[in-house]
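Asker: input_25.pdb (PDB, C-alpha atoms) pasted underneath:
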ATOM      1  CA  MET A   1       0.000   0.000   0.000
ATOM      2  CA  SER A   2       1.425   3.373  -0.999
ATOM      3  CA  ASN A   3       1.942   6.178   1.487
ATOM      4  CA  LYS A   4      -0.606   8.277  -0.394
ATOM      5  CA  THR A   5      -3.273   5.584   0.031
ATOM      6  CA  ILE A   6      -2.504   5.301   3.753
ATOM      7  CA  ILE A   7      -2.861   9.081   4.190
ATOM      8  CA  VAL A   8      -6.151   9.123   2.260
ATOM      9  CA  ILE A   9      -7.560   6.191   4.293
ATOM     10  CA  SER A  10      -6.436   7.826   7.558
ATOM     11  CA  LEU A  11      -8.040  11.149   6.651
ATOM     12  CA  LEU A  12     -11.201   9.337   5.597
ATOM     13  CA  LEU A  13     -11.368   7.446   8.909
ATOM     14  CA  ILE A  14     -10.771  10.670  10.879
ATOM     15  CA  ALA A  15     -13.502  12.387   8.820
ATOM     16  CA  ILE A  16     -15.904   9.515   9.651
ATOM     17  CA  VAL A  17     -15.098   9.879  13.384
ATOM     18  CA  ILE A  18     -15.621  13.668  13.203
ATOM     19  CA  GLY A  19     -18.867  13.062  11.267
ATOM     20  CA  LYS A  20     -20.056  10.676  13.981
ATOM     21  CA  TRP A  21     -19.215  13.344  16.611
ATOM     22  CA  ILE A  22     -21.192  16.023  14.707
ATOM     23  CA  PHE A  23     -24.122  13.617  14.253
ATOM     24  CA  ASP A  24     -24.104  12.647  17.962
ATOM     25  CA  SER A  25     -23.798  16.294  19.043
ATOM     26  CA  ILE A  26     -26.837  17.200  16.951
ATOM     27  CA  ASP A  27     -28.718  14.204  18.353
ATOM     28  CA  TYR A  28     -27.727  15.187  21.903
ATOM     29  CA  ASN A  29     -28.592  18.870  21.297
ATOM     30  CA  GLU A  30     -25.213  19.912  22.638
ATOM     31  CA  THR A  31     -21.607  20.196  21.441
ATOM     32  CA  LEU A  32     -20.269  17.096  23.122
ATOM     33  CA  ILE A  33     -16.936  17.711  24.810
ATOM     34  CA  PHE A  34     -17.089  14.388  26.690
ATOM     35  CA  SER A  35     -18.635  11.141  25.432
ATOM     36  CA  ARG A  36     -21.963  10.349  27.081
ATOM     37  CA  GLU A  37     -23.589   7.114  28.207
ATOM     38  CA  LYS A  38     -26.989   8.595  29.013
ATOM     39  CA  LYS A  39     -29.278  11.138  27.469
ATOM     40  CA  ALA A  40     -31.985  13.036  29.300
ATOM     41  CA  ILE A  41     -35.304  12.992  27.456
ATOM     42  CA  VAL A  42     -37.455  15.858  28.710
ATOM     43  CA  THR A  43     -41.174  15.657  28.041
ATOM     44  CA  LYS A  44     -43.395  18.647  28.722
ATOM     45  CA  SER A  45     -47.073  18.130  29.370
ATOM     46  CA  THR A  46     -50.002  19.911  30.945
ATOM     47  CA  ASP A  47     -51.280  18.596  34.243
ATOM     48  CA  ASP A  48     -54.997  19.294  34.022
ATOM     49  CA  LEU A  49     -55.634  18.602  37.705
ATOM     50  CA  PHE A  50     -53.113  21.192  38.883
ATOM     51  CA  GLY A  51     -53.602  23.404  35.825
ATOM     52  CA  THR A  52     -49.902  23.755  35.155
ATOM     53  CA  GLU A  53     -47.188  22.606  32.770
ATOM     54  CA  VAL A  54     -44.946  19.862  34.138
ATOM     55  CA  GLU A  55     -41.733  18.267  32.922
ATOM     56  CA  THR A  56     -40.762  14.622  33.027
ATOM     57  CA  THR A  57     -37.101  13.740  32.584
ATOM     58  CA  GLU A  58     -35.993  10.217  31.820
ATOM     59  CA  TRP A  59     -32.497   8.902  31.167
ATOM     60  CA  VAL A  60     -32.010   6.815  28.038
ATOM     61  CA  ASP A  61     -28.923   4.587  27.913
ATOM     62  CA  GLY A  62     -26.732   4.708  24.810
ATOM     63  CA  PHE A  63     -23.449   6.072  23.528
ATOM     64  CA  TRP A  64     -22.798   9.528  22.141
ATOM     65  CA  LEU A  65     -19.273  10.302  20.945
ATOM     66  CA  GLY A  66     -17.586  13.360  22.426
ATOM     67  CA  LEU A  67     -14.256  15.016  21.699
ATOM     68  CA  LEU A  68     -12.850  13.458  24.858
ATOM     69  CA  PRO A  69     -13.647  10.132  26.536
ATOM     70  CA  GLY A  70     -16.144   9.948  29.366
ATOM     71  CA  GLU A  71     -13.734   7.700  31.270
ATOM     72  CA  ASP A  72     -10.478   8.748  32.860
ATOM     73  CA  LYS A  73      -9.420   5.424  34.370
ATOM     74  CA  ILE A  74      -7.285   2.972  32.430
ATOM     75  CA  SER A  75      -9.916   0.990  30.575
ATOM     76  CA  SER A  76     -11.199   0.489  27.037
ATOM     77  CA  GLY A  77     -13.548   3.431  27.668
ATOM     78  CA  ILE A  78     -10.593   5.825  27.671
ATOM     79  CA  LEU A  79     -10.389   5.447  23.837
ATOM     80  CA  PHE A  80     -13.981   6.505  23.126
ATOM     81  CA  GLY A  81     -13.496  10.103  22.056
ATOM     82  CA  VAL A  82     -12.708  11.927  18.817
ATOM     83  CA  VAL A  83      -9.282  13.040  20.061
ATOM     84  CA  PRO A  84      -7.985   9.579  21.169
ATOM     85  CA  ILE A  85      -9.471   7.776  18.119
ATOM     86  CA  ALA A  86      -8.100  10.366  15.659
ATOM     87  CA  SER A  87      -4.732  10.279  17.463
ATOM     88  CA  ILE A  88      -4.562   6.471  17.186
ATOM     89  CA  ILE A  89      -5.425   6.600  13.462
ATOM     90  CA  ALA A  90      -2.860   9.353  12.797
ATOM     91  CA  PHE A  91      -0.192   7.619  14.911
ATOM     92  CA  SER A  92      -0.791   4.245  13.213
ATOM     93  CA  SER A  93      -0.586   5.875   9.755
ATOM     94  CA  ILE A  94       2.697   7.577  10.627
ATOM     95  CA  ILE A  95       4.135   4.276  11.899
ATOM     96  CA  ILE A  96       3.043   2.441   8.719
ATOM     97  CA  ILE A  97       4.504   5.247   6.538
ATOM     98  CA  ILE A  98       7.817   5.111   8.429
ATOM     99  CA  ILE A  99       7.961   1.298   8.094
ATOM    100  CA  ASN A 100       7.169   1.605   4.348
ATOM    101  CA  ARG A 101       9.948   4.181   3.902
ATOM    102  CA  LYS A 102      12.464   2.011   5.773
ATOM    103  CA  ARG A 103      11.471  -0.976   3.634
ATOM    104  CA  LYS A 104      11.893   1.114   0.489
ATOM    105  CA  GLN A 105      15.283   2.408   1.660
ATOM    106  CA  SER A 106      16.505  -1.113   2.465
ATOM    107  CA  ARG A 107      15.240  -2.337  -0.939
ATOM    108  CA  ASN A 108      17.052   0.533  -2.659
ATOM    109  CA  LYS A 109      20.273  -0.300  -0.798
ATOM    110  CA  LEU A 110      20.031  -3.870  -2.028
TER
ATOM    111  CA  MET B   1     -44.729  61.617  74.274
ATOM    112  CA  LYS B   2     -43.410  61.431  70.696
ATOM    113  CA  ALA B   3     -41.109  58.625  71.687
ATOM    114  CA  PHE B   4     -43.998  56.740  73.287
ATOM    115  CA  ILE B   5     -46.143  57.054  70.111
ATOM    116  CA  LEU B   6     -43.224  55.930  67.942
ATOM    117  CA  PHE B   7     -42.613  52.943  70.237
ATOM    118  CA  ALA B   8     -46.319  52.032  70.152
ATOM    119  CA  ILE B   9     -46.439  52.197  66.325
ATOM    120  CA  LEU B  10     -43.266  50.128  66.061
ATOM    121  CA  THR B  11     -44.561  47.503  68.498
ATOM    122  CA  LEU B  12     -47.909  47.290  66.720
ATOM    123  CA  SER B  13     -46.287  46.954  63.293
ATOM    124  CA  ILE B  14     -43.969  44.197  64.545
ATOM    125  CA  GLN B  15     -46.908  42.363  66.173
ATOM    126  CA  ASN B  16     -48.932  42.830  62.987
ATOM    127  CA  SER B  17     -46.229  41.299  60.835
ATOM    128  CA  GLN B  18     -45.856  38.394  63.276
ATOM    129  CA  LEU B  19     -49.584  37.808  63.407
ATOM    130  CA  LYS B  20     -50.073  37.950  59.653
ATOM    131  CA  ALA B  21     -51.763  34.738  58.637
ATOM    132  CA  THR B  22     -52.522  33.971  55.018
ATOM    133  CA  ASP B  23     -55.608  31.837  54.547
ATOM    134  CA  LEU B  24     -55.879  29.678  51.425
ATOM    135  CA  GLN B  25     -59.656  30.220  51.725
ATOM    136  CA  LEU B  26     -60.503  26.558  51.352
ATOM    137  CA  GLY B  27     -62.325  26.172  54.672
ATOM    138  CA  ILE B  28     -59.527  24.116  56.235
ATOM    139  CA  SER B  29     -58.345  25.253  59.647
ATOM    140  CA  ASP B  30     -56.332  22.287  60.933
ATOM    141  CA  GLU B  31     -52.663  21.534  60.307
ATOM    142  CA  ARG B  32     -51.993  18.809  57.729
ATOM    143  CA  ASN B  33     -48.954  16.646  57.054
ATOM    144  CA  PHE B  34     -47.858  16.135  53.477
ATOM    145  CA  THR B  35     -45.384  13.620  52.092
ATOM    146  CA  LEU B  36     -43.814  13.334  48.662
ATOM    147  CA  ASN B  37     -45.855  11.006  46.483
ATOM    148  CA  ASP B  38     -44.930   9.821  42.969
ATOM    149  CA  LYS B  39     -48.544   8.788  42.359
ATOM    150  CA  VAL B  40     -49.608  12.438  42.430
ATOM    151  CA  GLY B  41     -47.180  13.504  39.713
ATOM    152  CA  SER B  42     -43.703  13.159  38.305
ATOM    153  CA  ASN B  43     -41.284  14.580  40.865
ATOM    154  CA  GLU B  44     -38.266  16.351  39.408
ATOM    155  CA  LEU B  45     -35.140  17.777  40.972
ATOM    156  CA  LYS B  46     -32.612  19.048  38.444
ATOM    157  CA  PHE B  47     -29.325  20.882  38.731
ATOM    158  CA  ILE B  48     -27.695  22.940  36.010
ATOM    159  CA  SER B  49     -24.111  24.137  35.762
ATOM    160  CA  ASN B  50     -23.115  26.609  33.066
ATOM    161  CA  ALA B  51     -19.371  26.988  32.584
ATOM    162  CA  PRO B  52     -17.236  28.272  29.682
ATOM    163  CA  LEU B  53     -16.068  24.757  28.692
ATOM    164  CA  GLU B  54     -19.174  22.753  29.432
ATOM    165  CA  ASP B  55     -22.835  22.935  30.386
ATOM    166  CA  ILE B  56     -24.052  20.175  32.668
ATOM    167  CA  THR B  57     -27.677  19.283  33.275
ATOM    168  CA  GLY B  58     -28.197  16.698  35.967
ATOM    169  CA  LYS B  59     -31.092  15.053  37.697
ATOM    170  CA  VAL B  60     -31.561  13.534  41.110
ATOM    171  CA  ASP B  61     -32.881   9.969  41.066
ATOM    172  CA  THR B  62     -36.355  10.429  42.566
ATOM    173  CA  ARG B  63     -35.978   7.194  44.545
ATOM    174  CA  THR B  64     -33.363   8.996  46.653
ATOM    175  CA  ILE B  65     -35.543  12.042  47.422
ATOM    176  CA  SER B  66     -37.661  12.169  50.555
ATOM    177  CA  SER B  67     -39.701  15.145  51.627
ATOM    178  CA  SER B  68     -42.508  16.085  53.971
ATOM    179  CA  PHE B  69     -44.000  19.271  55.382
ATOM    180  CA  LYS B  70     -46.700  20.545  57.730
ATOM    181  CA  ILE B  71     -49.079  23.247  56.569
ATOM    182  CA  ASN B  72     -52.101  24.903  58.090
ATOM    183  CA  PRO B  73     -54.101  26.208  55.123
ATOM    184  CA  SER B  74     -55.562  28.945  57.339
ATOM    185  CA  ASN B  75     -52.096  30.133  58.409
ATOM    186  CA  VAL B  76     -49.645  29.311  55.631
ATOM    187  CA  GLU B  77     -46.789  31.343  57.096
ATOM    188  CA  LEU B  78     -46.162  28.650  59.733
ATOM    189  CA  THR B  79     -45.399  25.950  57.175
ATOM    190  CA  SER B  80     -42.356  23.827  58.010
ATOM    191  CA  GLY B  81     -40.772  20.774  56.489
ATOM    192  CA  GLU B  82     -37.815  19.184  54.782
ATOM    193  CA  VAL B  83     -36.519  18.072  51.399
ATOM    194  CA  ARG B  84     -33.700  15.525  51.551
ATOM    195  CA  PHE B  85     -31.854  13.695  48.800
ATOM    196  CA  LYS B  86     -28.790  11.507  48.434
ATOM    197  CA  VAL B  87     -25.590  12.747  46.793
ATOM    198  CA  GLU B  88     -25.365   9.232  45.289
ATOM    199  CA  GLY B  89     -28.660   9.900  43.537
ATOM    200  CA  MET B  90     -27.242  12.789  41.486
ATOM    201  CA  GLN B  91     -26.877  11.801  37.824
ATOM    202  CA  THR B  92     -25.209  13.841  35.069
ATOM    203  CA  GLY B  93     -25.265  11.484  32.069
ATOM    204  CA  ILE B  94     -21.610  10.479  32.534
ATOM    205  CA  ASN B  95     -20.944   7.735  35.073
ATOM    206  CA  ARG B  96     -17.361   8.950  35.597
ATOM    207  CA  ARG B  97     -18.588  12.453  36.460
ATOM    208  CA  ASP B  98     -21.225  11.059  38.847
ATOM    209  CA  LYS B  99     -18.416   9.283  40.701
ATOM    210  CA  HIS B 100     -16.325  12.466  40.752
ATOM    211  CA  LEU B 101     -19.304  14.355  42.180
ATOM    212  CA  GLN B 102     -19.417  11.901  45.083
ATOM    213  CA  SER B 103     -15.678  12.071  45.714
ATOM    214  CA  LYS B 104     -13.910  13.904  48.550
ATOM    215  CA  ASP B 105     -12.902  16.787  46.235
ATOM    216  CA  TRP B 106     -16.536  17.553  45.480
ATOM    217  CA  LEU B 107     -19.578  16.655  47.639
ATOM    218  CA  ASP B 108     -17.849  13.944  49.696
ATOM    219  CA  ALA B 109     -20.780  11.515  49.733
ATOM    220  CA  LYS B 110     -18.998   9.237  52.192
ATOM    221  CA  ASN B 111     -18.953  11.854  54.964
ATOM    222  CA  TYR B 112     -21.962  13.930  53.862
ATOM    223  CA  PRO B 113     -24.345  11.496  52.124
ATOM    224  CA  ASP B 114     -27.409  13.773  52.200
ATOM    225  CA  ILE B 115     -28.248  17.256  50.932
ATOM    226  CA  VAL B 116     -31.044  18.791  52.993
ATOM    227  CA  PHE B 117     -33.266  21.840  52.825
ATOM    228  CA  SER B 118     -35.034  22.458  56.153
ATOM    229  CA  LEU B 119     -37.969  24.771  55.637
ATOM    230  CA  LYS B 120     -38.557  27.135  58.553
ATOM    231  CA  LYS B 121     -41.396  29.329  57.281
ATOM    232  CA  LEU B 122     -43.076  30.924  54.299
ATOM    233  CA  ASP B 123     -42.847  34.630  53.632
ATOM    234  CA  LYS B 124     -44.150  37.210  51.132
ATOM    235  CA  ILE B 125     -47.185  35.090  50.303
ATOM    236  CA  THR B 126     -49.500  36.260  47.549
ATOM    237  CA  ILE B 127     -52.618  34.419  46.439
ATOM    238  CA  VAL B 128     -52.406  34.000  42.660
ATOM    239  CA  SER B 129     -55.799  32.352  42.296
ATOM    240  CA  ASN B 130     -58.467  30.897  44.523
ATOM    241  CA  ASP B 131     -61.377  28.733  43.487
ATOM    242  CA  ALA B 132     -63.111  27.599  46.671
ATOM    243  CA  GLY B 133     -65.751  25.750  44.638
ATOM    244  CA  GLN B 134     -63.058  23.586  43.012
ATOM    245  CA  GLY B 135     -61.061  23.472  46.285
ATOM    246  CA  ARG B 136     -58.006  24.918  44.534
ATOM    247  CA  THR B 137     -55.696  27.761  45.591
ATOM    248  CA  VAL B 138     -52.426  28.844  44.010
ATOM    249  CA  ILE B 139     -49.933  30.995  45.882
ATOM    250  CA  ASN B 140     -46.516  32.472  45.271
ATOM    251  CA  ALA B 141     -44.264  32.614  48.320
ATOM    252  CA  ASN B 142     -40.714  32.727  49.550
ATOM    253  CA  THR B 143     -39.596  29.680  51.488
ATOM    254  CA  ILE B 144     -36.994  30.465  54.099
ATOM    255  CA  GLY B 145     -34.858  27.661  55.412
ATOM    256  CA  LEU B 146     -31.504  26.119  56.023
ATOM    257  CA  PHE B 147     -29.675  24.448  53.144
ATOM    258  CA  SER B 148     -27.148  21.836  54.254
ATOM    259  CA  MET B 149     -24.548  20.451  51.870
ATOM    260  CA  HIS B 150     -20.994  19.185  52.241
ATOM    261  CA  GLY B 151     -21.171  19.750  56.013
ATOM    262  CA  LYS B 152     -21.996  23.460  55.664
ATOM    263  CA  ASN B 153     -25.284  25.205  56.413
ATOM    264  CA  LYS B 154     -26.627  28.394  54.891
ATOM    265  CA  GLU B 155     -29.953  30.122  55.274
ATOM    266  CA  ILE B 156     -31.473  30.619  51.848
ATOM    267  CA  THR B 157     -34.695  32.013  50.414
ATOM    268  CA  VAL B 158     -36.357  30.052  47.638
ATOM    269  CA  PRO B 159     -39.266  31.516  45.685
ATOM    270  CA  ILE B 160     -41.970  28.924  44.999
ATOM    271  CA  LYS B 161     -45.367  28.510  43.423
ATOM    272  CA  LEU B 162     -47.622  26.238  45.470
ATOM    273  CA  THR B 163     -50.884  24.753  44.256
ATOM    274  CA  TYR B 164     -53.164  23.335  46.965
ATOM    275  CA  LEU B 165     -55.987  20.982  46.008
ATOM    276  CA  LYS B 166     -58.569  19.998  48.575
ATOM    277  CA  GLU B 167     -59.509  16.303  48.476
ATOM    278  CA  SER B 168     -62.163  15.605  45.880
ATOM    279  CA  GLU B 169     -63.265  12.838  43.579
ATOM    280  CA  ALA B 170     -60.767  14.062  40.972
ATOM    281  CA  THR B 171     -57.817  14.168  43.404
ATOM    282  CA  ARG B 172     -58.632  10.717  44.823
ATOM    283  CA  LYS B 173     -57.937   9.243  41.375
ATOM    284  CA  ARG B 174     -54.273  10.024  42.011
ATOM    285  CA  ALA B 175     -53.946   9.686  45.771
ATOM    286  CA  PRO B 176     -56.094   9.979  48.884
ATOM    287  CA  GLY B 177     -56.068  13.231  50.873
ATOM    288  CA  ASP B 178     -55.363  16.799  49.837
ATOM    289  CA  LEU B 179     -52.722  17.284  47.145
ATOM    290  CA  VAL B 180     -49.997  19.892  46.821
ATOM    291  CA  PHE B 181     -47.724  20.771  43.926
ATOM    292  CA  VAL B 182     -44.636  22.910  44.589
ATOM    293  CA  GLU B 183     -42.357  24.269  41.882
ATOM    294  CA  GLY B 184     -39.515  26.752  41.811
ATOM    295  CA  ASN B 185     -35.838  27.307  41.253
ATOM    296  CA  PHE B 186     -32.890  28.861  43.007
ATOM    297  CA  GLU B 187     -29.130  29.225  42.744
ATOM    298  CA  LEU B 188     -26.344  28.038  45.031
ATOM    299  CA  ALA B 189     -22.753  29.242  45.049
ATOM    300  CA  LEU B 190     -20.379  26.287  45.513
ATOM    301  CA  LYS B 191     -17.987  28.407  47.590
ATOM    302  CA  ASP B 192     -20.746  28.960  50.196
ATOM    303  CA  PHE B 193     -20.587  25.238  50.912
ATOM    304  CA  ASP B 194     -16.819  24.912  50.678
ATOM    305  CA  VAL B 195     -17.054  22.792  47.527
ATOM    306  CA  LYS B 196     -13.762  23.448  45.781
ATOM    307  CA  GLY B 197     -13.576  20.510  43.379
ATOM    308  CA  ALA B 198     -10.479  19.351  41.566
ATOM    309  CA  SER B 199      -7.961  22.094  40.872
ATOM    310  CA  GLY B 200      -9.014  24.536  38.147
ATOM    311  CA  ILE B 201     -12.316  22.818  37.362
ATOM    312  CA  VAL B 202     -14.725  25.232  39.113
ATOM    313  CA  GLY B 203     -15.155  28.225  36.839
ATOM    314  CA  SER B 204     -13.998  26.397  33.702
ATOM    315  CA  LYS B 205     -15.831  23.049  33.431
ATOM    316  CA  VAL B 206     -18.206  23.512  36.383
ATOM    317  CA  GLY B 207     -20.024  26.766  37.096
ATOM    318  CA  ASP B 208     -19.345  28.750  40.274
ATOM    319  CA  VAL B 209     -23.098  28.819  40.748
ATOM    320  CA  ILE B 210     -25.431  25.837  40.360
ATOM    321  CA  LYS B 211     -29.062  26.350  39.430
ATOM    322  CA  VAL B 212     -31.565  24.003  41.052
ATOM    323  CA  ILE B 213     -34.995  23.458  39.482
ATOM    324  CA  PHE B 214     -37.683  21.439  41.209
ATOM    325  CA  GLN B 215     -41.265  20.274  40.875
ATOM    326  CA  LEU B 216     -42.561  18.206  43.762
ATOM    327  CA  PHE B 217     -45.922  16.543  44.291
ATOM    328  CA  TYR B 218     -47.337  15.736  47.736
ATOM    329  CA  SER B 219     -50.390  14.094  49.261
ATOM    330  CA  SER B 220     -51.679  14.427  52.804
ATOM    331  CA  LYS B 221     -52.558  10.775  53.510
TER
END
Show the structure stored in the file as C-alpha cells.
Answerer:
Amino acid sequence: MSNKTIIVISLLLIAIVIGKWIFDSIDYNETLIFSREKKAIVTKSTDDLFGTEVETTEWVDGFWLGLLPGEDKISSGILFGVVPIASIIAFSSIIIIIINRKRKQSRNKL
Amino acid sequence: MKAFILFAILTLSIQNSQLKATDLQLGISDERNFTLNDKVGSNELKFISNAPLEDITGKVDTRTISSSFKINPSNVELTSGEVRFKVEGMQTGINRRDKHLQSKDWLDAKNYPDIVFSLKKLDKITIVSNDAGQGRTVINANTIGLFSMHGKNKEITVPIKLTYLKESEATRKRAPGDLVFVEGNFELALKDFDVKGASGIVGSKVGDVIKVIFQLFYSSK
C-alpha cells in the first residue's frame, strides 16, 4: 500500500469519526466535549388537575461520541473520544509510513 | 410623648407582621402533614451548571428524594418541612462524572451522604388564584430555610409557586387526601458550601453557581 493511500484512508477514517461526533452532538442537542452514556429525554405536558405545565425527565442509555472520553481510568472506555481515536489513526498511519519508507530504503540499498 | 407614640407604632407593626396569617380560603383550619408522592405527579429535581467549557444538566434519582411538610391552610406562614436527597442519587449522564461528584474533592458523599433543605417558614405570600368551589388555591411565596450540603449550612430564600388541592373525587384518582404541587428554582454558590472541586475545574468546566430546578408533588394521607 502506498503512502498516499494510507494518508487518504487515515483522513477518511478521521472524517468519519468527526462526522459521527457532529451527528451525535446534533442528536444530543449539545456540542459534546465528553462522550456520554446517558441522554436526558425531557417531556413537557399539561397537568390538568393542577392546571400547570410539568416536565418529566428520563435517562435513556446509549453512547454519544464526544471530543474526549467519558472515562479517565485505564480501561477500554478511555479510547472513546474523537481526540484519542483520531490520534490512534494518525499515529498508526505515521508508523506504517515510516515502516514503508524504511522498507523502500533497504530495498534501494540492495 | 413622641417617643412613646413611635414605640407604640413600632410595636404594633412588629406584632402585625408576626400575626399575619394567610388563609388559602378553602375552609380548612387544621394543620396537615404532606409527604412526597410519585402517584400524584412526576417529581423532578434538576441541577444545572453553566461553565465556559461545558454545560451540565443533571437530575436527582427520585428514589433517593424524601420530603414532607406541615401546613395549616388557614395560616400558611407557619409551614415547616424538609426536602432531603442523596448525593449518590445525582446523575449527570456520565458515570465517571457522577463518581467524581461523590468524591472527597466535590460533595464527599462518604462523609456527607445527604443534601437537605429544612424549611422554617413561608414569607411574602401572595394568592395568585383561589377557586373555593373547586377546592383549589395557588400561591406564590418565599420559602426560608436552612440548606445543608458538604457539612456546611446556609440560610437561603427560595421563591416557589404552590398549588393546593382539597380532596375531591378528581384528586382521589391520584392519591387519597389533599394534594400539593410545589415548583420553583434557586441558585447556590459552591464556595458557600466549601465545595472546591479538583484544581481549576470550578469556573472552567463547572459553574461557580449551580441552578436548582424542582417540581414536587405531595399528598396528605
Asker: Selection in question (the file shown): the PyMOL selection byres ((chain A and resi 33) around 8). Which residues does it include, as a PyMOL selection string?
Answerer: (chain A and resi 31-32+34-35+66-68) or (chain B and resi 54)
Asker: Care to translate the PyMOL selection byres ((chain A and resi 40) around 7) into actual residues of this file, as a list in words?
Answerer: Lys38, Lys39, Ile41, Val42, Thr57, Glu58, Trp59 and Val60 of chain A
Asker: On this structure, the PyMOL selection byres ((chain A and resi 19-22) around 9) would catch which residues? List them as JSON, numbers by chain, sorted by chain and number.
Answerer: {"A": [14, 15, 16, 17, 18, 23, 24, 25, 26, 27, 31, 32, 64, 65, 66, 67, 81, 82]}
Asker: For chain A, which residue out of B:Gly93, B:Pro52, B:Gly41, B:Gly177 is the nearest one, using only C-alpha atoms?
Answerer: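 Closest to chain A, using only C-alpha atoms: B:Gly93.
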Asker: Identify, on the basis of all atoms listed in the file, every residue whose closest approach to region 47-56 of chain A does not exceed 9 Å; exclude the query and any residue fewer than 4 positions from it along the same chain; express the result as a list in words.
Answerer: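 In the requested form, the answer reads Ile41, Val42 and Thr43 of chain A; Gly41, Ser42, Asn43, Glu44, Arg136, Thr163, Tyr164, Leu165, Ala170, Thr171, Val180, Phe181 and Gln215 of chain B.
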Asker: Starting from the incomplete input, reconstruct N, CA and C atoms of region 117-129 of chain B and write that as a PDB file, in the frame of the given file.
Answerer:
ATOM      1  N   PHE B 117     -32.711  20.495  52.661  1.00  0.00           N
ATOM      2  CA  PHE B 117     -33.266  21.840  52.825  1.00  0.00           C
ATOM      3  C   PHE B 117     -34.323  21.753  53.922  1.00  0.00           C
ATOM      4  N   SER B 118     -34.078  22.454  55.039  1.00  0.00           N
ATOM      5  CA  SER B 118     -35.034  22.458  56.153  1.00  0.00           C
ATOM      6  C   SER B 118     -35.835  23.747  56.093  1.00  0.00           C
ATOM      7  N   LEU B 119     -37.085  23.612  55.785  1.00  0.00           N
ATOM      8  CA  LEU B 119     -37.969  24.771  55.637  1.00  0.00           C
ATOM      9  C   LEU B 119     -38.423  25.267  57.013  1.00  0.00           C
ATOM     10  N   LYS B 120     -38.173  26.564  57.255  1.00  0.00           N
ATOM     11  CA  LYS B 120     -38.557  27.135  58.553  1.00  0.00           C
ATOM     12  C   LYS B 120     -39.917  27.828  58.479  1.00  0.00           C
ATOM     13  N   LYS B 121     -40.121  28.596  57.413  1.00  0.00           N
ATOM     14  CA  LYS B 121     -41.396  29.329  57.281  1.00  0.00           C
ATOM     15  C   LYS B 121     -41.572  29.824  55.848  1.00  0.00           C
ATOM     16  N   LEU B 122     -42.792  30.292  55.584  1.00  0.00           N
ATOM     17  CA  LEU B 122     -43.076  30.924  54.299  1.00  0.00           C
ATOM     18  C   LEU B 122     -43.235  32.428  54.527  1.00  0.00           C
ATOM     19  N   ASP B 123     -42.820  33.174  53.527  1.00  0.00           N
ATOM     20  CA  ASP B 123     -42.847  34.630  53.632  1.00  0.00           C
ATOM     21  C   ASP B 123     -43.324  35.220  52.304  1.00  0.00           C
ATOM     22  N   LYS B 124     -43.720  36.479  52.346  1.00  0.00           N
ATOM     23  CA  LYS B 124     -44.150  37.210  51.132  1.00  0.00           C
ATOM     24  C   LYS B 124     -45.137  36.374  50.305  1.00  0.00           C
ATOM     25  N   ILE B 125     -46.196  35.952  50.963  1.00  0.00           N
ATOM     26  CA  ILE B 125     -47.185  35.090  50.303  1.00  0.00           C
ATOM     27  C   ILE B 125     -48.208  35.942  49.551  1.00  0.00           C
ATOM     28  N   THR B 126     -48.439  35.592  48.313  1.00  0.00           N
ATOM     29  CA  THR B 126     -49.500  36.260  47.549  1.00  0.00           C
ATOM     30  C   THR B 126     -50.385  35.184  46.927  1.00  0.00           C
ATOM     31  N   ILE B 127     -51.686  35.382  47.035  1.00  0.00           N
ATOM     32  CA  ILE B 127     -52.618  34.419  46.439  1.00  0.00           C
ATOM     33  C   ILE B 127     -52.754  34.748  44.956  1.00  0.00           C
ATOM     34  N   VAL B 128     -52.353  33.807  44.122  1.00  0.00           N
ATOM     35  CA  VAL B 128     -52.406  34.000  42.660  1.00  0.00           C
ATOM     36  C   VAL B 128     -53.817  33.742  42.162  1.00  0.00           C
ATOM     37  N   SER B 129     -54.411  32.648  42.654  1.00  0.00           N
ATOM     38  CA  SER B 129     -55.799  32.352  42.296  1.00  0.00           C
ATOM     39  C   SER B 129     -56.438  31.511  43.387  1.00  0.00           C
TER      40      SER B 129
END
